[in-house]
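Chemist: Structure: final13.tsv, TSV, C-alpha atoms and all ligand atoms.
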chain	number	residue	atom	x	y	z
A	15	MET	CA	0.00	0.00	0.00
A	16	ILE	CA	2.62	2.47	1.04
A	17	ALA	CA	4.92	1.21	-1.73
A	18	TYR	CA	2.19	2.12	-4.19
A	19	ARG	CA	1.95	5.56	-2.66
A	20	PHE	CA	5.67	6.13	-3.01
A	21	CYS	CA	5.51	4.94	-6.58
A	22	VAL	CA	2.77	7.43	-7.39
A	23	MET	CA	4.63	10.19	-5.63
A	24	LYS	CA	7.78	9.45	-7.54
A	25	HIS	CA	6.05	9.98	-10.85
A	26	ARG	CA	4.11	13.01	-9.67
A	27	ASN	CA	7.32	14.56	-8.41
A	28	VAL	CA	9.01	13.97	-11.74
A	29	LEU	CA	6.05	15.58	-13.47
A	30	ARG	CA	6.28	18.55	-11.12
A	31	LEU	CA	10.01	18.87	-11.74
A	32	THR	CA	9.44	18.73	-15.46
A	33	LEU	CA	6.96	21.57	-15.21
A	34	ALA	CA	9.02	23.62	-12.80
A	35	PHE	CA	12.22	23.50	-14.78
A	36	ALA	CA	10.84	22.74	-18.25
A	37	GLY	CA	13.16	19.80	-17.97
A	38	ALA	CA	13.05	16.53	-19.82
A	39	ALA	CA	13.15	14.07	-16.98
A	40	ALA	CA	13.46	10.41	-17.78
A	41	LEU	CA	11.02	8.28	-15.83
A	42	GLY	CA	12.55	5.27	-14.20
A	43	GLY	CA	10.45	2.35	-13.02
A	44	CYS	CA	9.23	2.12	-9.43
A	45	GLY	CA	12.21	0.46	-7.86
A	46	SER	CA	13.18	-0.32	-4.33
A	47	LEU	CA	11.59	1.96	-1.78
A	48	ILE	CA	13.76	0.99	1.12
A	49	PRO	CA	14.90	4.14	2.93
A	50	GLY	CA	18.35	5.05	1.70
A	51	SER	CA	17.88	3.49	-1.70
A	52	SER	CA	17.33	6.86	-3.38
A	53	SER	CA	19.91	7.53	-6.03
A	54	ASN	CA	20.49	10.84	-4.29
A	55	SER	CA	20.84	9.44	-0.80
A	56	GLY	CA	23.98	11.57	-0.29
A	57	THR	CA	21.76	14.63	0.11
A	58	PRO	CA	20.69	14.34	3.73
A	59	ASP	CA	17.68	16.53	4.45
A	60	TYR	CA	16.51	17.48	1.03
A	61	GLY	CA	14.90	15.37	-1.65
A	62	ASN	CA	15.83	15.49	-5.29
A	63	ALA	CA	13.30	18.18	-6.04
A	64	ARG	CA	14.98	20.37	-3.45
A	65	ALA	CA	18.45	19.54	-4.70
A	66	ALA	CA	17.38	20.43	-8.23
A	67	TYR	CA	15.84	23.67	-7.02
A	68	ASN	CA	18.93	24.63	-5.05
A	69	ALA	CA	21.26	23.65	-7.88
A	70	GLY	CA	19.24	25.81	-10.23
A	71	LYS	CA	19.35	28.70	-7.77
A	72	SER	CA	23.10	28.67	-7.20
A	73	ALA	CA	23.89	28.11	-10.89
A	74	ASN	CA	21.87	31.17	-11.77
A	75	ALA	CA	22.56	33.28	-8.73
A	76	SER	CA	23.48	36.38	-10.74
A	77	SER	CA	20.66	36.23	-13.28
A	78	PRO	CA	16.91	36.05	-12.84
A	79	ALA	CA	16.13	32.33	-12.69
A	80	PRO	CA	16.16	31.24	-16.32
A	81	ARG	CA	14.45	27.94	-16.98
A	82	ARG	CA	16.87	25.30	-18.05
A	83	LEU	CA	16.62	21.86	-19.52
A	84	ALA	CA	17.77	18.95	-17.46
A	85	THR	CA	20.53	17.22	-19.32
A	86	THR	CA	20.68	14.03	-17.30
A	87	PRO	CA	17.93	11.59	-16.39
A	88	GLN	CA	16.48	12.27	-12.95
A	89	SER	CA	15.18	9.73	-10.52
A	90	VAL	CA	12.90	11.19	-7.88
A	91	ALA	CA	12.03	9.36	-4.66
A	92	PRO	CA	11.31	10.55	-1.13
A	93	ASN	CA	14.49	11.28	0.77
A	94	PRO	CA	15.30	8.74	3.50
A	95	SER	CA	14.00	10.78	6.45
A	96	ASP	CA	10.74	11.55	4.62
A	97	ALA	CA	10.37	7.90	3.69
A	98	SER	CA	10.77	6.68	7.26
A	99	CYS	CA	8.32	9.32	8.51
A	100	LEU	CA	5.76	8.21	5.92
A	101	ALA	CA	6.21	4.60	6.97
A	102	GLU	CA	5.70	5.54	10.63
A	103	LEU	CA	2.62	7.59	9.81
A	104	ASN	CA	1.25	4.61	7.91
A	105	GLN	CA	1.95	2.32	10.84
A	106	ALA	CA	0.09	4.74	13.13
A	107	GLY	CA	-3.04	4.01	11.09
A	108	ALA	CA	-3.29	7.38	9.34
A	109	ARG	CA	-4.80	7.57	5.87
A	110	PHE	CA	-2.90	10.03	3.72
A	111	ASN	CA	-1.32	10.80	0.39
A	112	PRO	CA	2.18	12.23	0.06
A	113	ILE	CA	2.22	15.56	-1.79
A	114	PRO	CA	4.95	16.45	-4.32
A	115	ASP	CA	7.51	18.95	-3.07
A	116	THR	CA	6.78	22.45	-4.34
A	117	TYR	CA	8.10	25.96	-3.77
A	118	ALA	CA	5.44	28.66	-3.85
A	119	ALA	CA	7.22	31.92	-2.96
A	120	PRO	CA	10.22	33.00	-0.87
A	121	GLY	CA	9.84	31.30	2.49
A	122	CYS	CA	6.78	29.36	1.36
A	123	ASN	CA	6.99	25.73	0.36
A	124	LYS	CA	5.48	22.31	0.73
A	125	LEU	CA	8.41	19.99	1.32
A	126	GLY	CA	7.88	16.53	2.71
A	127	THR	CA	4.13	17.07	3.22
A	128	VAL	CA	1.11	14.80	3.23
A	129	GLN	CA	-2.63	15.21	2.75
A	130	LEU	CA	-4.36	13.51	5.68
A	131	SER	CA	-7.83	12.06	5.20
A	132	ALA	CA	-8.36	10.01	8.36
A	133	LEU	CA	-6.66	8.99	11.60
A	134	SER	CA	-6.93	5.95	13.81
A	135	GLY	CA	-8.00	5.78	17.43
A	136	ASP	CA	-7.74	2.71	19.65
A	137	ALA	CA	-10.89	1.18	18.24
A	138	ARG	CA	-12.03	3.19	15.21
A	139	GLN	CA	-11.02	5.72	12.60
A	140	PHE	CA	-12.01	9.36	12.69
A	141	GLY	CA	-11.96	12.15	10.17
A	142	VAL	CA	-10.09	15.43	9.85
A	143	SER	CA	-11.85	18.22	8.05
A	144	ASN	CA	-10.63	21.27	6.18
A	145	ILE	CA	-6.97	20.31	6.46
A	146	GLY	CA	-4.42	20.91	3.68
A	147	PRO	CA	-0.80	19.83	3.27
A	148	VAL	CA	1.06	19.13	6.52
A	149	LYS	CA	4.72	18.29	7.04
A	150	CYS	CA	5.03	14.59	7.79
A	151	ARG	CA	6.55	15.08	11.26
A	152	THR	CA	3.78	17.46	12.26
A	153	ALA	CA	1.22	15.01	10.85
A	154	LYS	CA	2.78	12.26	12.94
A	155	ALA	CA	2.52	14.33	16.13
A	156	PHE	CA	-1.07	15.19	15.15
A	157	SER	CA	-1.93	11.53	14.62
A	158	ALA	CA	-0.54	10.55	18.04
A	159	TRP	CA	-2.25	13.50	19.76
A	160	ALA	CA	-5.59	12.67	18.12
A	161	ARG	CA	-5.43	9.08	19.29
A	162	PHE	CA	-3.84	9.29	22.73
A	163	GLY	CA	-4.80	12.83	23.66
A	164	VAL	CA	-8.14	13.61	22.04
A	165	ASP	CA	-10.01	10.35	21.42
A	166	ARG	CA	-9.14	8.91	24.84
A	167	ALA	CA	-10.05	12.16	26.59
A	168	ALA	CA	-13.35	12.28	24.71
A	169	ARG	CA	-14.25	8.77	25.87
A	170	GLN	CA	-13.09	9.27	29.44
A	171	ILE	CA	-14.39	12.78	30.07
A	172	LEU	CA	-17.35	13.04	27.71
A	173	GLY	CA	-18.32	9.39	27.36
A	174	SER	CA	-18.23	9.25	23.56
A	175	PRO	CA	-15.47	8.48	21.06
A	176	LEU	CA	-14.18	11.08	18.65
A	177	GLU	CA	-15.80	11.27	15.23
A	178	ARG	CA	-13.92	14.15	13.61
A	179	ILE	CA	-11.37	16.87	14.30
A	180	GLU	CA	-12.26	20.11	12.55
A	181	THR	CA	-9.43	22.38	11.51
A	182	MET	CA	-9.06	25.87	10.09
A	183	GLY	CA	-6.31	24.66	7.76
A	184	SER	CA	-2.59	24.01	7.79
A	185	TYR	CA	-0.52	25.28	4.87
A	186	SER	CA	-0.80	29.00	4.16
A	187	CYS	CA	1.85	31.27	2.64
A	188	ARG	CA	1.74	34.05	5.21
A	189	ASN	CA	3.71	35.88	7.89
A	190	VAL	CA	3.22	35.74	11.64
A	191	ALA	CA	0.58	38.41	12.31
A	192	GLY	CA	2.20	41.80	12.86
A	193	SER	CA	5.69	40.69	11.81
A	194	ASN	CA	7.76	40.16	8.67
A	195	ARG	CA	8.63	36.64	9.77
A	196	ARG	CA	7.13	33.67	7.95
A	197	SER	CA	4.58	31.66	9.94
A	198	ALA	CA	5.11	27.93	10.39
A	199	HIS	CA	2.00	27.65	8.23
A	200	ALA	CA	4.10	28.91	5.29
A	201	THR	CA	6.00	25.63	5.32
A	202	ALA	CA	3.01	23.44	6.27
A	203	GLY	CA	4.46	22.96	9.75
A	204	ALA	CA	1.35	23.92	11.73
A	205	ILE	CA	-2.32	22.98	12.03
A	206	ASP	CA	-5.12	25.15	13.45
A	207	VAL	CA	-7.76	23.06	15.25
A	208	SER	CA	-11.13	24.65	15.92
A	209	SER	CA	-13.44	21.91	17.19
A	210	PHE	CA	-14.13	18.27	17.89
A	211	THR	CA	-17.19	16.28	16.84
A	212	LEU	CA	-18.06	13.20	18.89
A	213	ALA	CA	-19.68	9.98	17.73
A	214	ASP	CA	-22.84	10.88	19.70
A	215	GLY	CA	-23.20	14.08	17.65
A	216	ARG	CA	-21.94	16.61	20.18
A	217	ARG	CA	-19.60	19.28	18.82
A	218	ILE	CA	-17.13	20.87	21.21
A	219	SER	CA	-15.64	24.09	19.84
A	220	LEU	CA	-12.91	26.35	21.13
A	221	LYS	CA	-14.97	29.43	20.39
A	222	GLY	CA	-18.13	28.30	22.12
A	223	ASP	CA	-16.95	25.95	24.83
A	224	TRP	CA	-13.52	27.02	26.13
A	225	ASP	CA	-15.24	29.50	28.45
A	226	ASP	CA	-18.93	28.67	28.15
A	227	GLY	CA	-19.13	24.90	27.79
A	228	THR	CA	-20.31	22.49	30.46
A	229	PRO	CA	-17.74	21.68	33.15
A	230	ALA	CA	-16.94	18.41	31.36
A	231	GLU	CA	-16.53	20.14	27.97
A	232	ARG	CA	-14.27	22.78	29.47
A	233	GLU	CA	-12.21	20.10	31.18
A	234	PHE	CA	-11.97	18.14	27.92
A	235	LEU	CA	-10.64	21.18	26.02
A	236	ARG	CA	-8.04	21.89	28.71
A	237	VAL	CA	-6.93	18.27	28.80
A	238	VAL	CA	-6.47	18.10	25.02
A	239	HIS	CA	-4.62	21.42	25.10
A	240	LYS	CA	-2.27	20.05	27.73
A	241	SER	CA	-1.66	16.84	25.85
A	242	ALA	CA	-0.95	18.84	22.68
A	243	CYS	CA	1.83	20.57	24.60
A	244	LYS	CA	3.49	17.17	25.09
A	245	ARG	CA	3.33	16.27	21.39
A	246	PHE	CA	4.02	19.54	19.58
A	247	GLY	CA	6.77	22.14	19.86
A	248	THR	CA	4.55	25.22	19.95
A	249	VAL	CA	0.93	25.21	21.11
A	250	LEU	CA	-1.11	28.41	21.27
A	251	GLY	CA	-4.70	28.58	22.49
A	252	PRO	CA	-7.31	30.94	23.91
A	253	GLU	CA	-5.13	31.81	26.90
A	254	TYR	CA	-2.35	33.08	24.59
A	255	ASN	CA	-4.16	35.94	22.84
A	256	ARG	CA	-7.44	36.88	21.21
A	257	ALA	CA	-6.22	35.73	17.80
A	258	HIS	CA	-6.31	32.19	19.20
A	259	GLU	CA	-9.63	32.35	21.03
A	260	ASP	CA	-11.26	30.06	18.46
A	261	HIS	CA	-8.49	27.54	17.73
A	262	PHE	CA	-5.41	25.70	18.91
A	263	HIS	CA	-2.31	26.45	16.85
A	264	LEU	CA	-0.28	23.21	16.83
A	265	GLU	CA	3.20	23.61	15.42
A	266	GLY	CA	6.15	21.32	14.78
A	267	THR	CA	7.90	19.09	17.25
A	268	GLY	CA	10.89	21.18	18.29
A	269	LYS	CA	11.46	23.70	21.05
A	270	LYS	CA	8.60	23.84	23.57
A	271	PHE	CA	6.32	26.83	23.91
A	272	CYS	CA	2.87	26.21	25.37
A	273	ARG	CA	0.20	28.79	26.18
B	301	ZN	ZN	-1.88	28.62	13.33
For the file at hand, write its structure as structure tokens.
Ligand SMILES: [Zn+2]

Modeler:
Amino acid sequence: MIAYRFCVMKHRNVLRLTLAFAGAAALGGCGSLIPGSSSNSGTPDYGNARAAYNAGKSANASSPAPRRLATTPQSVAPNPSDASCLAELNQAGARFNPIPDTYAAPGCNKLGTVQLSALSGDARQFGVSNIGPVKCRTAKAFSAWARFGVDRAARQILGSPLERIETMGSYSCRNVAGSNRRSAHATAGAIDVSSFTLADGRRISLKGDWDDGTPAEREFLRVVHKSACKRFGTVLGPEYNRAHEDHFHLEGTGKKFCR
């Protein structure tokens, strides 16, 4: 299953490269997908699309990005760290499709991202709505949080399993509000979560229930906020500022900042 996904991605990436650089890329067959088997495995954190992009940039540093034809056949496969993340996400029971690497604008890109369609709890799957591309590592943290943080809290505190997590999106080429710094959303490294729908039909939202929900709903939202802080690097919620009164901003897996 995942081998098929990689195979599809490989060809889609080649197509994307061909479009991006007007290059004539030769399509190889779907070969071994064992991490490290990429023909470009000497490039540690960047896949072939990135290497090609960077090579094109440095070769044309003094002139405005002319399109150039690729002169050698290119084989495109996920880089080893992306491949192992995708395998782990698959093992966690997530349903997803890898998205081809693309660069949208300075500081904005979708590198190593996936499109999630469903996640797995202990006993059942649940949906994720309105979500776009997410970096694989963030998706992995999201998958673990949804299962161990949200679904279990829903059953224990509210007596019903989770049916769906509603988001306000993930990838967005934009700056942090009021700054000239790119948001983590600009590289698909963050997800904004607005509400949770339970199997019994209840919908618990940040906007309506953080302050005004029943005691159990308010406890549920605080428990899932706290568990998000264990899984993600940066978590911002209603206590942080008014911009986050209606959602949790869940970002990356690095340095901890939790409000
Ligand atoms: Zn956000």

Chemist: Of the candidates A:Ala242, A:Gly183, A:Thr228, A:Asp214, which shows the shortest atom-to-atom distance to ligand ZN 301 (chain B), using only C-alpha atoms and all ligand atoms?

Modeler: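 Going through A:Ala242, A:Gly183, A:Thr228, A:Asp214 one by one, the smallest distance to ligand ZN 301 (chain B) is for A:Gly183.
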
Chemist: What separation in Å, quoted to one decimal, exists between atom CA of A:Pro120 and atom ZN of ligand ZN 301 (chain B)?

Modeler: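 Distance reported for this atom pair: 19.2 Å.
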
Chemist: Please identify all protein, DNA and RNA residues within 7 Å of ligand ZN 301 (chain B), counting all atoms listed in the file, and report them as a PyMOL selection string.

Modeler: chain A and resi 199+204-206+263-264

Chemist: Quote the spacing between atom CA of A:Ala202 and atom CA of A:Pro175 in Å to one decimal place.

Modeler: 28.0 Å

Chemist: What is the atom CA of A:Leu176 to atom CA of A:Arg217 distance in Å?

Modeler: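 Atom CA of A:Leu176 sits 9.8 Å away from atom CA of A:Arg217.
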
Chemist: With distances taken over only C-alpha atoms, which of A:Ala200, A:Cys243, A:Cys187, A:Ala160 is nearest to A:Thr267?

Modeler: A:Cys243

Chemist: Point out the residue among A:Tyr117, A:Phe140, A:Phe210, A:Phe156 with the least atom-to-atom distance to A:Val249, counting only C-alpha atoms.

Modeler: A:Phe156

Chemist: Give me, as a short mmCIF file (atom, residue, chain, number, x, y, z; two decimals) with C-alpha atoms, in the coordinates of the input, all polymer residues having an atom no more than 7 Å from A:Cys99, counting all atoms listed in the file and skipping those fewer than 4 positions away in the same chain.

Modeler:
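File out_5.cif, as written:
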data_model
loop_
_atom_site.label_atom_id
_atom_site.label_comp_id
_atom_site.auth_asym_id
_atom_site.auth_seq_id
_atom_site.Cartn_x
_atom_site.Cartn_y
_atom_site.Cartn_z
CA SER A 95 14.00 10.78 6.45
CA LEU A 103 2.62 7.59 9.81
CA CYS A 150 5.03 14.59 7.79
CA ARG A 151 6.55 15.08 11.26
#

Chemist: With all atoms listed in the file as the basis for distance, which of A:Glu177, A:Glu259, A:Asp96, A:Glu253 is at the shortest distance from A:Arg216?

Modeler: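 Closest residue, counting all atoms listed in the file: A:Glu177.
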
Chemist: If I wrap all listed atoms of stretch 140-154 of chain A in a box with edges along x, y and z and add 5 Å on each side, what are its centre and edge lengths in Å to one decimal, as JSON?

Modeler:
{"center_x": -2.7, "center_y": 15.3, "center_z": 8.1, "size_x": 28.6, "size_y": 21.9, "size_z": 19.7}

Chemist: So that I can see what lies close to A:Thr248, please list as a PDB file with C-alpha atoms, in the coordinates of the input the residues with an atom at most 7 Å from it, counting all atoms listed in the file and leaving out residues fewer than 5 positions away in the same chain.

Modeler:
ATOM      1  CA  LEU A 264      -0.280  23.210  16.830  1.00  0.00           C
ATOM      2  CA  GLU A 265       3.200  23.610  15.420  1.00  0.00           C
ATOM      3  CA  GLY A 266       6.150  21.320  14.780  1.00  0.00           C
ATOM      4  CA  LYS A 270       8.600  23.840  23.570  1.00  0.00           C
ATOM      5  CA  PHE A 271       6.320  26.830  23.910  1.00  0.00           C
ATOM      6  CA  CYS A 272       2.870  26.210  25.370  1.00  0.00           C
TER       7      CYS A 272
END

Chemist: Can you pull out every residue within 7 Å of A:Ser208, counting all atoms listed in the file, but drop anything in the same chain fewer than 2 positions away, and send it as a VMD selection string?

Modeler: chain A and resid 180 to 182 206 219 to 220 260 to 262

Chemist: With distances taken over all atoms listed in the file, which of A:Ile218, A:Ala106, A:Val148, A:Cys122 is nearest to A:Leu172?

Modeler: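 Looking only at the distances to A:Leu172, the closest residue turns out to be A:Ile218.
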
Chemist: Do a neighbour search on A:Leu235 at 9 Å with all atoms listed in the file, toss out local chain neighbours closer than 4 positions, and write the hits as an MDAnalysis selection string.

Modeler: chainID A and resid 164 218:220 223:224 230:231 239:240
